[in-house]
Structure formats: C-alpha cells, structure tokens
$ cat structure_18.txt   # compact mmCIF, C-alpha atoms
# COMPACT_ATOMS: atom_id res chain seq x y z
CA MET A 1 75.55 -37.40 -41.72
CA ASN A 2 76.81 -34.97 -39.17
CA THR A 3 76.25 -36.56 -35.76
CA ASP A 4 75.02 -33.32 -34.27
CA ASP A 5 72.52 -32.87 -37.08
CA TYR A 6 71.42 -36.47 -36.67
CA LYS A 7 70.75 -35.94 -32.97
CA LEU A 8 68.97 -32.65 -33.57
CA VAL A 9 66.68 -34.19 -36.17
CA LYS A 10 65.92 -37.15 -33.90
CA GLU A 11 65.13 -34.91 -30.97
CA CYS A 12 63.04 -32.65 -33.12
CA LEU A 13 60.97 -35.60 -34.31
CA LYS A 14 60.37 -36.47 -30.67
CA GLY A 15 58.80 -33.07 -30.28
CA ASP A 16 61.77 -31.07 -29.04
CA ARG A 17 61.22 -27.61 -30.46
CA LYS A 18 64.59 -26.37 -29.25
CA SER A 19 66.37 -28.86 -31.51
CA PHE A 20 64.84 -27.37 -34.61
CA GLU A 21 65.66 -23.91 -33.36
CA GLU A 22 69.26 -25.07 -33.16
CA ILE A 23 69.05 -26.28 -36.75
CA VAL A 24 67.72 -22.89 -37.81
CA GLU A 25 70.47 -21.14 -35.87
CA LYS A 26 73.09 -23.33 -37.52
CA TYR A 27 71.94 -23.05 -41.13
CA TYR A 28 69.79 -19.98 -41.67
CA ALA A 29 72.68 -17.71 -42.69
CA ILE A 30 74.09 -20.10 -45.30
CA ILE A 31 70.61 -20.85 -46.63
CA PHE A 32 70.06 -17.13 -46.96
CA ARG A 33 73.36 -16.72 -48.85
CA LEU A 34 72.43 -19.51 -51.20
CA SER A 35 69.02 -17.97 -51.76
CA PHE A 36 70.55 -14.56 -52.30
CA ARG A 37 73.00 -15.90 -54.87
CA ILE A 38 70.13 -17.44 -56.76
CA THR A 39 67.78 -14.47 -56.57
CA ARG A 40 70.12 -11.50 -56.06
CA ASP A 41 67.38 -9.91 -53.96
CA HIS A 42 67.53 -9.55 -50.21
CA ASP A 43 63.80 -9.73 -49.50
CA ASN A 44 63.23 -12.60 -51.90
CA ALA A 45 66.17 -14.47 -50.42
CA GLU A 46 64.71 -14.08 -46.93
CA GLU A 47 61.34 -15.27 -48.14
CA ILE A 48 62.88 -18.35 -49.74
CA THR A 49 64.95 -19.03 -46.62
CA GLN A 50 61.90 -18.86 -44.40
CA SER A 51 59.86 -21.02 -46.73
CA ALA A 52 62.67 -23.59 -46.96
CA PHE A 53 62.84 -24.02 -43.19
CA VAL A 54 59.08 -24.35 -42.90
CA LYS A 55 59.14 -27.05 -45.60
CA ALA A 56 62.08 -28.74 -43.93
CA TYR A 57 60.25 -28.89 -40.62
CA GLU A 58 57.04 -30.15 -42.16
CA ASN A 59 58.90 -32.90 -44.04
CA LEU A 60 61.46 -33.74 -41.40
CA ASN A 61 59.96 -37.20 -40.89
CA SER A 62 60.66 -38.02 -44.55
CA TYR A 63 64.32 -37.00 -44.36
CA ASP A 64 66.58 -39.83 -45.52
CA TYR A 65 69.47 -40.22 -43.07
CA LYS A 66 71.82 -41.57 -45.71
CA TYR A 67 72.20 -38.03 -47.09
CA LYS A 68 73.82 -35.12 -45.36
CA PHE A 69 71.23 -33.05 -43.60
CA PHE A 70 72.44 -29.76 -45.03
CA SER A 71 72.39 -31.23 -48.55
CA TRP A 72 68.75 -32.14 -47.95
CA LEU A 73 68.18 -28.61 -46.71
CA TYR A 74 69.88 -27.13 -49.80
CA ARG A 75 67.76 -29.34 -51.99
CA ILE A 76 64.62 -27.93 -50.38
CA THR A 77 66.01 -24.42 -50.76
CA VAL A 78 66.73 -24.96 -54.44
CA ASN A 79 63.20 -26.24 -54.98
CA GLU A 80 61.78 -23.26 -53.16
CA ALA A 81 63.95 -20.96 -55.25
CA ILE A 82 62.78 -22.60 -58.48
CA ASN A 83 59.14 -22.37 -57.37
CA PHE A 84 59.66 -18.77 -56.34
CA SER A 85 61.24 -17.99 -59.69
CA LYS A 86 58.30 -19.56 -61.53
CA ARG A 87 55.85 -17.64 -59.37
CA GLU A 88 57.55 -14.33 -59.76
CA ASN A 89 58.50 -14.97 -63.40
CA ARG A 90 60.78 -12.07 -63.34
CA SER A 91 64.43 -11.29 -62.96
CA SER A 92 65.30 -9.88 -59.66
CA GLU A 93 66.69 -6.46 -59.58
CA ILE A 94 70.35 -6.31 -59.06
CA SER A 95 71.19 -5.30 -55.58
CA GLU A 96 73.15 -2.12 -55.41
CA GLN A 97 74.27 -3.01 -51.95
CA ILE A 98 77.85 -3.79 -52.75
CA ILE A 99 80.33 -3.50 -50.01
CA ALA A 100 82.74 -0.72 -50.73
CA ASN A 101 86.43 -1.18 -50.14
CA GLU A 102 88.56 1.47 -48.67
CA GLY A 103 91.14 2.96 -51.00
CA ASP A 104 91.40 4.76 -54.31
CA PRO A 105 87.90 6.05 -55.27
CA ASP A 106 88.49 5.20 -58.95
CA LYS A 107 89.41 1.65 -58.09
CA ILE A 108 86.41 1.35 -55.78
CA TYR A 109 84.14 2.54 -58.58
CA GLU A 110 85.70 0.11 -61.07
CA GLU A 111 85.31 -2.72 -58.58
CA MET A 112 81.64 -1.83 -58.01
CA GLU A 113 81.04 -1.68 -61.75
CA LEU A 114 82.67 -5.08 -62.24
CA LYS A 115 80.61 -6.69 -59.50
CA LYS A 116 77.45 -5.22 -60.93
CA LYS A 117 78.29 -6.67 -64.34
CA ILE A 118 78.94 -10.07 -62.78
CA HIS A 119 75.61 -9.87 -60.96
CA ASP A 120 73.90 -8.94 -64.20
CA ALA A 121 75.55 -11.79 -66.04
CA ILE A 122 74.53 -14.36 -63.45
CA MET A 123 70.97 -13.15 -63.44
CA GLN A 124 70.83 -13.35 -67.22
CA LEU A 125 71.41 -17.07 -66.97
CA ASP A 126 68.38 -19.30 -66.96
CA ILE A 127 67.81 -20.59 -63.44
CA LEU A 128 68.56 -24.16 -64.58
CA TYR A 129 72.14 -23.09 -65.43
CA ARG A 130 72.41 -20.59 -62.60
CA LEU A 131 71.72 -23.17 -59.87
CA PRO A 132 74.63 -25.57 -60.50
CA ILE A 133 77.04 -22.67 -60.91
CA VAL A 134 75.95 -21.01 -57.68
CA LEU A 135 75.96 -24.27 -55.72
CA LYS A 136 79.30 -25.36 -57.11
CA HIS A 137 80.86 -22.05 -56.33
CA LEU A 138 79.32 -21.63 -52.90
CA PHE A 139 79.82 -25.16 -51.54
CA ASP A 140 82.39 -26.68 -53.91
CA TYR A 141 80.15 -29.71 -54.21
CA SER A 142 81.04 -32.82 -56.17
CA TYR A 143 78.95 -33.64 -59.22
CA LYS A 144 77.33 -36.43 -57.22
CA GLU A 145 76.33 -34.08 -54.42
CA LEU A 146 75.03 -31.55 -56.93
CA SER A 147 73.05 -34.36 -58.51
CA TYR A 148 71.29 -35.01 -55.18
CA VAL A 149 70.68 -31.36 -54.30
CA LEU A 150 69.40 -30.50 -57.77
CA ASP A 151 67.59 -33.82 -58.13
CA ILE A 152 68.96 -34.41 -61.61
CA PRO A 153 71.36 -37.07 -63.01
CA GLU A 154 75.08 -36.49 -62.64
CA LYS A 155 75.45 -36.31 -66.39
CA THR A 156 72.90 -33.49 -66.53
CA VAL A 157 74.72 -31.71 -63.72
CA LYS A 158 77.94 -31.66 -65.76
CA SER A 159 76.14 -30.60 -68.90
CA ARG A 160 74.34 -27.70 -67.19
CA LEU A 161 77.41 -26.64 -65.26
CA PHE A 162 79.66 -26.58 -68.32
CA THR A 163 77.06 -24.89 -70.50
CA GLY A 164 76.21 -22.37 -67.78
CA ARG A 165 79.83 -21.47 -67.32
CA GLN A 166 80.29 -21.07 -71.07
CA LEU A 167 77.19 -18.85 -71.26
CA LEU A 168 78.39 -16.75 -68.34
CA LYS A 169 81.74 -16.26 -70.02
CA GLU A 170 80.04 -15.16 -73.22
CA ILE A 171 77.77 -12.70 -71.38
CA LEU A 172 80.73 -11.20 -69.55
CA THR A 173 82.71 -10.93 -72.79
CA ASN A 174 79.80 -9.23 -74.51
CA ASN A 175 79.57 -6.81 -71.57
CA ARG A 176 83.23 -6.04 -72.05
CA VAL A 177 84.28 -7.44 -68.70
CA MET B 1 92.91 -21.93 -85.80
CA GLN B 2 93.19 -24.74 -83.31
CA THR B 3 90.00 -26.34 -82.11
CA ILE B 4 89.12 -27.97 -78.81
CA ASP B 5 87.57 -31.39 -78.84
CA LYS B 6 84.67 -32.33 -76.59
CA LYS B 7 86.80 -34.51 -74.37
CA HIS B 8 89.20 -31.66 -73.54
CA ILE B 9 86.38 -29.15 -73.03
CA GLU B 10 85.04 -31.50 -70.37
CA LEU B 11 88.51 -31.92 -68.91
CA ILE B 12 88.97 -28.13 -68.71
CA ASN B 13 85.67 -27.75 -66.87
CA LYS B 14 86.56 -30.60 -64.51
CA GLU B 15 89.85 -28.89 -63.75
CA ILE B 16 88.04 -25.66 -62.90
CA ASP B 17 85.68 -27.67 -60.70
CA HIS B 18 88.65 -29.34 -58.97
CA MET B 19 87.35 -32.71 -60.02
CA THR B 20 90.27 -34.01 -62.09
CA THR B 21 92.54 -36.81 -61.04
CA PRO B 22 96.32 -36.17 -61.02
CA ASP B 23 96.64 -38.08 -64.30
CA GLU B 24 93.89 -36.00 -65.89
CA SER B 25 95.51 -32.80 -64.64
CA ALA B 26 98.83 -33.85 -66.15
CA GLU B 27 97.19 -34.72 -69.45
CA LEU B 28 95.34 -31.36 -69.52
CA GLU B 29 98.51 -29.44 -68.72
CA LYS B 30 100.24 -31.10 -71.63
CA PHE B 31 97.28 -30.38 -73.92
CA LEU B 32 97.03 -26.71 -72.90
CA GLN B 33 100.74 -26.14 -73.58
CA ALA B 34 100.28 -27.41 -77.09
CA ASN B 35 96.95 -25.69 -77.85
CA LYS B 36 96.67 -21.90 -77.56
CA ALA B 37 92.92 -21.81 -78.22
CA ALA B 38 92.40 -24.31 -75.44
CA ARG B 39 94.68 -22.32 -73.18
CA ASP B 40 92.71 -19.12 -73.84
CA TYR B 41 89.44 -20.95 -73.29
CA PHE B 42 90.69 -22.35 -70.01
CA ASN B 43 91.95 -18.94 -68.86
CA ASP B 44 88.62 -17.28 -69.75
CA LEU B 45 86.65 -19.85 -67.83
CA GLN B 46 89.04 -19.61 -64.90
CA LEU B 47 88.66 -15.84 -64.92
CA THR B 48 84.87 -16.14 -65.04
CA ASN B 49 85.05 -18.45 -62.09
CA ASP B 50 87.31 -16.04 -60.25
CA TYR B 51 84.81 -13.25 -60.84
CA LEU B 52 82.30 -15.20 -58.79
CA ASP B 53 84.73 -15.14 -55.88
CA ARG B 54 84.72 -11.36 -55.99
CA LEU B 55 81.03 -11.22 -55.20
CA PRO B 56 80.52 -10.41 -51.55
CA ASP B 57 78.23 -12.51 -49.44
CA HIS B 58 75.18 -10.78 -48.11
CA GLU B 59 74.09 -11.30 -44.56
CA PRO B 60 70.49 -11.91 -43.54
CA SER B 61 68.51 -9.49 -41.42
CA GLU B 62 68.98 -9.75 -37.70
CA ASN B 63 65.40 -10.84 -37.18
CA LEU B 64 65.32 -13.49 -39.93
CA LYS B 65 65.93 -16.33 -37.50
CA LYS B 66 63.08 -15.12 -35.31
CA GLN B 67 60.82 -14.79 -38.35
CA ILE B 68 61.60 -18.35 -39.40
CA ILE B 69 60.90 -19.78 -35.96
CA ASN B 70 57.68 -17.81 -35.62
CA SER B 71 56.44 -19.09 -38.97
CA ILE B 72 56.73 -22.75 -37.95
CA ASN B 73 53.89 -24.59 -36.32
CA PHE B 74 55.81 -26.66 -33.82
CA ASN B 75 52.86 -28.85 -32.87
CA ARG B 76 53.56 -31.24 -35.72
CA TYR B 77 55.95 -33.48 -33.79
CA SER B 78 54.89 -32.47 -30.31
CA PRO B 79 54.49 -35.43 -28.00
CA LYS B 80 50.82 -35.89 -27.26
CA SER B 81 50.52 -34.41 -23.85
CA LYS B 82 48.15 -36.25 -21.54
CA LYS B 83 45.71 -34.15 -19.62
CA HIS B 84 45.77 -34.79 -15.94
CA TYR B 85 42.61 -35.02 -13.91
CA PRO B 86 42.13 -35.31 -10.15
CA TRP B 87 40.64 -38.77 -10.61
CA ASP B 88 43.61 -40.08 -12.60
CA PHE B 89 44.78 -42.03 -9.54
CA LEU B 90 41.72 -44.24 -9.98
CA PHE B 91 43.33 -45.67 -13.12
CA SER B 92 46.62 -46.41 -11.49
CA PRO B 93 47.99 -49.88 -12.35
CA LYS B 94 48.36 -50.58 -8.65
CA LEU B 95 44.60 -50.57 -8.29
CA LYS B 96 44.07 -53.21 -10.97
CA ILE B 97 44.04 -56.08 -8.43
CA ALA B 98 41.59 -54.20 -6.24
CA TYR B 99 39.35 -53.60 -9.25
CA THR B 100 39.49 -57.24 -10.24
CA PHE B 101 38.60 -58.32 -6.73
CA ALA B 102 35.77 -55.80 -6.49
CA PHE B 103 34.43 -56.85 -9.86
CA GLY B 104 34.45 -60.51 -8.82
CA LEU B 105 32.74 -59.61 -5.56
CA ILE B 106 29.99 -57.69 -7.34
CA ILE B 107 29.40 -60.54 -9.76
CA GLY B 108 29.25 -62.94 -6.81
CA ILE B 109 26.72 -60.76 -5.00
CA ILE B 110 24.57 -60.48 -8.12
CA ILE B 111 24.58 -64.24 -8.66
CA TYR B 112 23.81 -64.86 -4.99
CA ALA B 113 20.98 -62.34 -5.07
CA LEU B 114 19.53 -63.98 -8.14
CA LEU B 115 19.67 -67.42 -6.54
CA VAL B 116 18.08 -66.21 -3.31
CA ASN B 117 15.43 -64.41 -5.27
CA ASN B 118 14.76 -67.57 -7.25
CA SER B 119 14.28 -69.57 -4.11
CA ASN B 120 11.76 -66.99 -2.92
CA SER B 121 9.79 -67.02 -6.11
CA LEU B 122 8.02 -70.27 -5.98
CA ASN B 123 8.07 -72.50 -8.99
CA ILE B 124 4.67 -74.06 -9.13
CA ASN B 125 6.09 -77.28 -10.45
CA ASP B 126 8.04 -77.80 -7.28
CA VAL B 127 5.37 -76.94 -4.73
CA TYR B 128 3.03 -79.35 -3.14
CA GLY B 129 2.22 -80.39 0.41
CA THR B 130 -0.40 -80.37 3.10
CA ILE B 131 0.53 -77.62 5.52
CA GLY B 132 -1.88 -74.73 5.61
CA ILE B 133 0.40 -71.71 5.52
CA ASN B 134 3.87 -72.26 4.50
CA ASN B 135 7.00 -70.36 5.05
CA ASP B 136 7.55 -70.11 1.35
CA GLY B 137 4.57 -67.81 0.86
CA THR B 138 2.11 -70.40 -0.36
CA SER B 139 -1.08 -70.87 1.60
CA THR B 140 -3.54 -73.65 2.04
CA ILE B 141 -6.85 -72.51 0.71
CA SER B 142 -8.81 -75.50 1.83
CA GLU B 143 -8.23 -78.95 3.18
CA LEU B 144 -10.75 -81.67 2.51
CA PRO B 145 -10.31 -84.88 4.45
CA LEU B 146 -12.14 -87.80 2.84
CA ASN B 147 -13.50 -90.76 4.62
CA LEU B 148 -16.02 -92.28 2.28
CA SER B 149 -17.11 -95.87 2.34
CA ASP B 150 -14.25 -97.06 0.22
CA ILE B 151 -12.28 -93.91 -0.56
CA SER B 152 -10.17 -92.28 2.06
CA GLY B 153 -7.49 -89.70 2.10
CA ASN B 154 -7.07 -85.96 1.80
CA ILE B 155 -7.49 -83.25 -0.79
CA GLU B 156 -5.63 -80.05 -0.09
CA ILE B 157 -6.06 -76.92 -2.15
CA LYS B 158 -3.16 -74.54 -2.00
CA GLY B 159 -2.18 -71.43 -3.83
CA ILE B 160 0.13 -68.49 -4.32
CA ASN B 161 -0.57 -65.39 -6.31
CA LYS B 162 -2.63 -66.44 -9.32
CA ASP B 163 -1.65 -70.10 -9.13
CA PHE B 164 -3.45 -72.80 -7.20
CA TRP B 165 -3.41 -76.54 -7.15
CA PHE B 166 -5.11 -79.58 -5.78
CA ASP B 167 -2.97 -82.06 -3.92
CA LEU B 168 -4.77 -85.35 -3.95
CA ASP B 169 -3.73 -88.18 -1.65
CA LEU B 170 -6.44 -90.83 -1.94
CA THR B 171 -6.75 -94.57 -1.44
CA SER B 172 -9.56 -96.70 -2.79
CA ARG B 173 -10.39 -100.34 -3.26
CA GLU B 174 -12.01 -99.58 -6.62
CA GLY B 175 -11.51 -97.11 -9.39
CA PHE B 176 -13.07 -93.64 -9.29
CA ASP B 177 -13.07 -90.36 -11.21
CA VAL B 178 -12.12 -86.89 -10.04
CA VAL B 179 -13.62 -83.96 -11.94
CA ILE B 180 -12.62 -80.37 -11.29
CA SER B 181 -14.75 -77.69 -12.95
CA TYR B 182 -13.55 -74.15 -13.25
CA PRO B 183 -14.59 -70.93 -14.98
CA ALA B 184 -13.10 -69.47 -18.15
CA ALA B 185 -10.82 -67.25 -16.09
CA VAL B 186 -8.95 -70.36 -15.01
CA LYS B 187 -6.59 -72.39 -17.05
CA PHE B 188 -5.44 -75.91 -16.30
CA GLN B 189 -1.68 -76.12 -16.30
CA LYS B 190 -0.65 -79.68 -15.74
CA VAL B 191 -0.69 -82.72 -13.56
CA ARG B 192 2.23 -83.42 -11.29
CA MET B 193 2.55 -87.06 -10.57
CA GLY B 194 3.34 -88.15 -7.07
CA VAL B 195 2.69 -91.82 -6.27
CA ALA B 196 -0.04 -92.26 -8.81
CA LYS B 197 -0.93 -95.50 -10.46
CA ASN B 198 -2.83 -95.82 -13.67
CA ILE B 199 -4.57 -92.49 -13.82
CA GLU B 200 -5.92 -91.14 -17.03
CA LEU B 201 -6.37 -87.50 -17.70
CA SER B 202 -9.10 -86.09 -19.91
CA LYS B 203 -9.64 -82.44 -20.43
CA GLU B 204 -12.79 -80.75 -21.54
CA GLN B 205 -13.66 -77.11 -21.78
CA ASN B 206 -13.67 -75.70 -18.25
CA SER B 207 -13.14 -79.06 -16.62
CA ILE B 208 -10.50 -81.67 -16.07
CA LYS B 209 -11.12 -85.31 -15.25
CA THR B 210 -8.80 -87.92 -13.90
CA THR B 211 -9.74 -91.57 -14.03
CA ASN B 212 -8.11 -93.35 -11.09
CA SER B 213 -7.55 -97.04 -10.64
CA SER B 214 -7.77 -98.73 -7.26
CA GLY B 215 -5.03 -98.37 -4.73
CA SER B 216 -3.16 -95.35 -3.45
CA GLN B 217 -3.14 -92.27 -5.70
CA LYS B 218 -1.11 -89.23 -4.96
CA TYR B 219 -0.79 -86.38 -7.45
CA SER B 220 -1.41 -82.69 -7.96
CA LEU B 221 -3.48 -80.80 -10.50
CA LEU B 222 -2.20 -77.33 -11.16
CA PHE B 223 -4.17 -74.29 -12.36
CA THR B 224 -3.66 -70.61 -12.88
CA ARG B 225 -6.00 -67.66 -12.97
CA ASN B 226 -5.94 -65.02 -15.66
CA SER B 227 -6.24 -62.31 -13.04
CA PRO B 228 -6.17 -61.98 -9.26
CA ASP B 229 -9.97 -61.87 -9.23
CA PRO B 230 -11.65 -64.56 -7.14
CA VAL B 231 -12.81 -67.66 -8.98
CA THR B 232 -15.03 -70.50 -7.90
CA VAL B 233 -14.05 -74.06 -8.66
CA LYS B 234 -15.77 -77.33 -7.93
CA ILE B 235 -14.34 -80.74 -7.26
CA LYS B 236 -16.31 -83.94 -7.58
CA ILE B 237 -15.49 -87.58 -6.97
CA LEU B 238 -17.56 -90.01 -8.95
CA ARG B 239 -17.82 -93.69 -9.61
CA SER B 240 -19.85 -95.08 -12.48
CA GLY B 241 -21.49 -91.70 -12.99
CA ASN B 242 -22.57 -91.41 -9.38
CA THR B 243 -21.28 -88.50 -7.38
CA LEU B 244 -19.64 -89.66 -4.19
CA PHE B 245 -18.25 -86.32 -3.08
CA GLU B 246 -18.65 -82.71 -4.19
CA HIS B 247 -17.18 -79.51 -2.91
CA LYS B 248 -17.18 -75.94 -4.19
CA LEU B 249 -14.68 -73.39 -3.08
CA THR B 250 -13.55 -69.89 -3.97
CA ILE B 251 -9.98 -69.10 -4.71
CA LYS B 252 -9.39 -65.49 -3.88
CA GLN B 253 -5.96 -64.72 -2.57

$ encode --input "structure_18.txt" --output "structure tokens"
Amino acid sequence: MNTDDYKLVKECLKGDRKSFEEIVEKYYAIIFRLSFRITRDHDNAEEITQSAFVKAYENLNSYDYKYKFFSWLYRITVNEAINFSKRENRSSEISEQIIANEGDPDKIYEEMELKKKIHDAIMQLDILYRLPIVLKHLFDYSYKELSYVLDIPEKTVKSRLFTGRQLLKEILTNNRV
Amino acid sequence: MQTIDKKHIELINKEIDHMTTPDESAELEKFLQANKAARDYFNDLQLTNDYLDRLPDHEPSENLKKQIINSINFNRYSPKSKKHYPWDFLFSPKLKIAYTFAFGLIIGIIIYALLVNNSNSLNINDVYGTIGINNDGTSTISELPLNLSDISGNIEIKGINKDFWFDLDLTSREGFDVVISYPAAVKFQKVRMGVAKNIELSKEQNSIKTTNSSGSQKYSLLFTRNSPDPVTVKIKILRSGNTLFEHKLTIKQ
C-alpha cells in the first residue's frame, strides 16, 4: 500500500482527526468522479461520496493493509453506489452539463449530442455491467483489482466487462452513434 | 460470413483492456488480418471504448470536502482523554512508597491500640490476688482472714464490673467444705485452680460447694452477675455438716 496512506490510516486510528482529513482531501475528487460516472447525477454522486467516506471512517479499523487503500475506498464507494441505486430504483437523469468546446457551433452541437448519447447508453446498462466498465475505464484496473473492488471472482469480472461492453456497443449502434 | 469463436472474442476484449501478453497480441493481430468480421467487431468495441474517453470528468462542489468532514463523528478513534483534577498529584507513582509506609504505620497503630485495649480489659480468667484496689481496675470487695482452730488462711473477694470471684488460700489439717450461696441473678462461671489438692466441686441451684482435703488449698471461684444490681452472697466453711465459718456480703460495684 501507499506508504503515505498507510501512515495516515495508522495515525487516524490513533485518534488523529487531521490524518483522515488528509485522506478526504486526497481522494474526495476521484471518489466523486467515480460516483458521477456510475450515477450520472451530480447531487447523487456527492451523496454517495459523502456516504463512502463516512463508511470508510467507521470501518477503518477493519481495513486490510494487504490491499491498496484507495482500492478499499473504491470498493466502499461501489457498494454505496449499488445500495443507492437499489434505494432510488431509478435511472438518473442525464446531466446536461457538458463542457462546451470552443469552435464551430455545428461541431460543438454534434459533440454535445454524441456525449449525451454515450451518457444515455451507459445509463441504460444494468449497474452490474456498468460498474466494471466505469472502473476499468476510469482507473485502468487489472481484472484482479476489479475483482477486489467489485467483490466478485475474476472470471465474473471478465464476463461482466465483456458483456457490458458488447451491450454498450449495441445500444450505441441502435442509437445511430 | 465469418464467425468469431469464443476464444478470440475474449482475446479482443483483453486487447482493449490492455491485458494481453505480447504473444497474445501477435496472435490476435494475425487473426484480425484474416477475419473481417472479427476486425469489424474489434474496431466497434475499440470505438465504443474511445467514446468513453470523450466524456468529460465532472468536478465536485467546492464545499463537498467540508460536507464530508462535517458528517463524520471523529470521536470513534479519539484517544480517551483523561480528566485532570487538582488532587491528581495524590495518585502520583512517586507517592506509592509514602502510601505504603503510611498504610503500614496505620495498621501498626491499630494493632497496638487493640493490644493495649486488651490489656486494659481484664480477662477474668487471668485475675486473682489479694490486694484491695488494683491498678488494673479490679477492686477488693472484702478480705476475710481466717484463723480457726485448724483452718487458717485468707479469703479475698474481688470484682470488676459484673464479675467477682473468691480467692481462697486456706490450710487445714483435716478436710472441710466451702459452700457459696448466691441469688438467681448470679451465675457461677468456673473454678481456677491455684495450688489446690484434691478438691471436688459440686454445683447445686444457687450454690456451689467445694470439698477440700487437708493441706494447703489455693484456688478461685469465679462468678458473674446478670446486671450491675447489687447481689448478696454467702460463704460458709463446714466440716461434717457443722458450720465453722459463715460470712455474708453484698457485691455492688
């Protein structure tokens, strides 16, 4: 594990509040991005991020040092996202907040349309297929690392990843992307 | 139309995931060149993957970090802080020796006090003598010198609190009996043998009798009263049923 993370966790368990604040500072943005890619909703992503850090703090004494700390954190985030998804039982609305590029207005519009279709396609995927795709794309994890974060066997990781990608391709094709 | 077998579908996905070995990459390259359907499939998946790269990352709100920190109860791993009191110095390790010494001293004082107290509280079994008022709190109630025809000696009655006793120190050429009568408020305790030879003790209700052989007899008869109220007792010396000496006295201290 990252030595800095190791020290921060140790200090935090000794009661040093500042150490956990450092952990939050270090990881809250990436945890938010992960949450956003899963939910495609800013508010929901923030809620999941907050909930993940609270859970991480509460369970810090059960953290297994043989795993990377951020992988453990992602694992908690994924669980929170799954729980959130079950609770909400709805598809998040696609965010319209797409960063516009400078240039030809027609091209900008086309680009925005394309991104919206990609967002739609991802959100049409069942969360079980969405998670490995998002994680793989965001962190370029190995199948083994995905297996830990998703808490499923490596074989299932491959199966879901390949199937998810195939489904995404089909959705995009059907949407004439 | 060419088909793609399961093995190569997996290999295509592994290539997109950057998980193939150089040998696998080479094998896939060779396969894709020979199989258009596989090539199209690979390109479609690659394009799908590239689409994901085009999605911009969103940034969290500026106050998200603050929200997260505020939502955590940081007491969970807080070191248990010890409250400090002004008298904490009393529990300093440096004072342990002093406490041990003080404790030993107190125990010593208590034991000493108990022993001294014991010596002041007279054990009736240990008290006998002929001096009227004693330093130990006992007092001589009466002293009866005897100088009969063939019995001589001294009878001393002493007491403390509710206890009293007869110290007999008598010498006779022949045997004799001593009878002490007492009221119901008095209880005979026991006989304490001094230099007594062949005495027999017989107890009846409200009286005690000792049968003494000739020679020197020295012993004590001990009694106690039920209450501090005065009681009257009588002592008689007899031989063959004839009273040789009789004395009545009141125990009242």

$ interface_residues --input "structure_18.txt" --of "chain B" --to "chain A" --cutoff "7 Å" --atoms "only C-alpha atoms" --output "PDB file with C-alpha atoms, keeping the file's coordinate frame"
ATOM      1  CA  ASN B  13      85.670 -27.750 -66.870  1.00  0.00           C
ATOM      2  CA  ASP B  44      88.620 -17.280 -69.750  1.00  0.00           C
ATOM      3  CA  LEU B  45      86.650 -19.850 -67.830  1.00  0.00           C
ATOM      4  CA  THR B  48      84.870 -16.140 -65.040  1.00  0.00           C
ATOM      5  CA  TYR B  51      84.810 -13.250 -60.840  1.00  0.00           C
ATOM      6  CA  LEU B  55      81.030 -11.220 -55.200  1.00  0.00           C
ATOM      7  CA  ASP B  57      78.230 -12.510 -49.440  1.00  0.00           C
ATOM      8  CA  HIS B  58      75.180 -10.780 -48.110  1.00  0.00           C
ATOM      9  CA  GLU B  59      74.090 -11.300 -44.560  1.00  0.00           C
ATOM     10  CA  PRO B  60      70.490 -11.910 -43.540  1.00  0.00           C
ATOM     11  CA  LYS B  65      65.930 -16.330 -37.500  1.00  0.00           C
ATOM     12  CA  ILE B  68      61.600 -18.350 -39.400  1.00  0.00           C
ATOM     13  CA  ILE B  69      60.900 -19.780 -35.960  1.00  0.00           C
ATOM     14  CA  ILE B  72      56.730 -22.750 -37.950  1.00  0.00           C
ATOM     15  CA  PHE B  74      55.810 -26.660 -33.820  1.00  0.00           C
ATOM     16  CA  TYR B  77      55.950 -33.480 -33.790  1.00  0.00           C
ATOM     17  CA  SER B  78      54.890 -32.470 -30.310  1.00  0.00           C
ATOM     18  CA  PRO B  79      54.490 -35.430 -28.000  1.00  0.00           C
TER      19      PRO B  79
END

$ atom_distance --input "structure_18.txt" --atom1 "CA of Leu168 (chain B)" --atom2 "CA of Tyr219 (chain B)"
5.4 Å

$ atom_distance --input "structure_18.txt" --atom1 "CA of Val233 (chain B)" --atom2 "CA of Leu249 (chain B)"
5.7 Å

$ residues_around --input "structure_18.txt" --residues "Ile199 (chain B)" --least-positions-apart "3" --cutoff "7 Å" --atoms "all atoms listed in the file" --output "CSV table (one decimal) with C-alpha atoms, in the coordinates of the input"
chain,number,residue,atom,x,y,z
B,196,ALA,CA,0.0,-92.3,-8.8
B,210,THR,CA,-8.8,-87.9,-13.9
B,211,THR,CA,-9.7,-91.6,-14.0
B,212,ASN,CA,-8.1,-93.4,-11.1
B,213,SER,CA,-7.6,-97.0,-10.6

$ residues_near_point --input "structure_18.txt" --point "(64.3, -38.9, -44.2)" --cutoff "12 Å" --atoms "all atoms listed in the file" --output "list in words"
Met1, Tyr6, Val9, Lys10, Leu13, Ala56, Tyr57, Glu58, Asn59, Leu60, Asn61, Ser62, Tyr63, Asp64, Tyr65, Lys66, Tyr67, Lys68, Phe69, Ser71, Trp72 and Leu73 of chain A

$ write_last_selection --input "structure_18.txt" --atoms "C-alpha atoms" --output "compact mmCIF listing (two decimals), in the coordinates of the input"
# COMPACT_ATOMS: atom_id res chain seq x y z
CA MET A 1 75.55 -37.40 -41.72
CA TYR A 6 71.42 -36.47 -36.67
CA VAL A 9 66.68 -34.19 -36.17
CA LYS A 10 65.92 -37.15 -33.90
CA LEU A 13 60.97 -35.60 -34.31
CA ALA A 56 62.08 -28.74 -43.93
CA TYR A 57 60.25 -28.89 -40.62
CA GLU A 58 57.04 -30.15 -42.16
CA ASN A 59 58.90 -32.90 -44.04
CA LEU A 60 61.46 -33.74 -41.40
CA ASN A 61 59.96 -37.20 -40.89
CA SER A 62 60.66 -38.02 -44.55
CA TYR A 63 64.32 -37.00 -44.36
CA ASP A 64 66.58 -39.83 -45.52
CA TYR A 65 69.47 -40.22 -43.07
CA LYS A 66 71.82 -41.57 -45.71
CA TYR A 67 72.20 -38.03 -47.09
CA LYS A 68 73.82 -35.12 -45.36
CA PHE A 69 71.23 -33.05 -43.60
CA SER A 71 72.39 -31.23 -48.55
CA TRP A 72 68.75 -32.14 -47.95
CA LEU A 73 68.18 -28.61 -46.71

$ closest_residue --input "structure_18.txt" --among "B:Ser152, B:Thr232, B:Ser220, B:Gln205" --to "Asp167 (chain B)" --atoms "all atoms listed in the file"
B:Ser220

$ atom_distance --input "structure_18.txt" --atom1 "CA of Thr224 (chain B)" --atom2 "CA of Gln189 (chain B)"
6.8 Å

$ axis_aligned_box --input "structure_18.txt" --around "region 8-13 of chain A" --padding-each-side "3 Å" --output "AutoDock Vina command-line options"
--center_x 65.0 --center_y -34.9 --center_z -33.6 --size_x 14.0 --size_y 10.5 --size_z 11.2

$ residues_around --input "structure_18.txt" --residues "Arg160 (chain A)" --least-positions-apart "6" --cutoff "8 Å" --atoms "all atoms listed in the file" --output "list in words"
Leu128, Tyr129 and Pro132 of chain A

$ closest_residue --input "structure_18.txt" --among "A:Ile82, A:Ile23, A:Val149, A:Leu8" --to "Asn44 (chain A)" --atoms "only C-alpha atoms"
A:Ile82
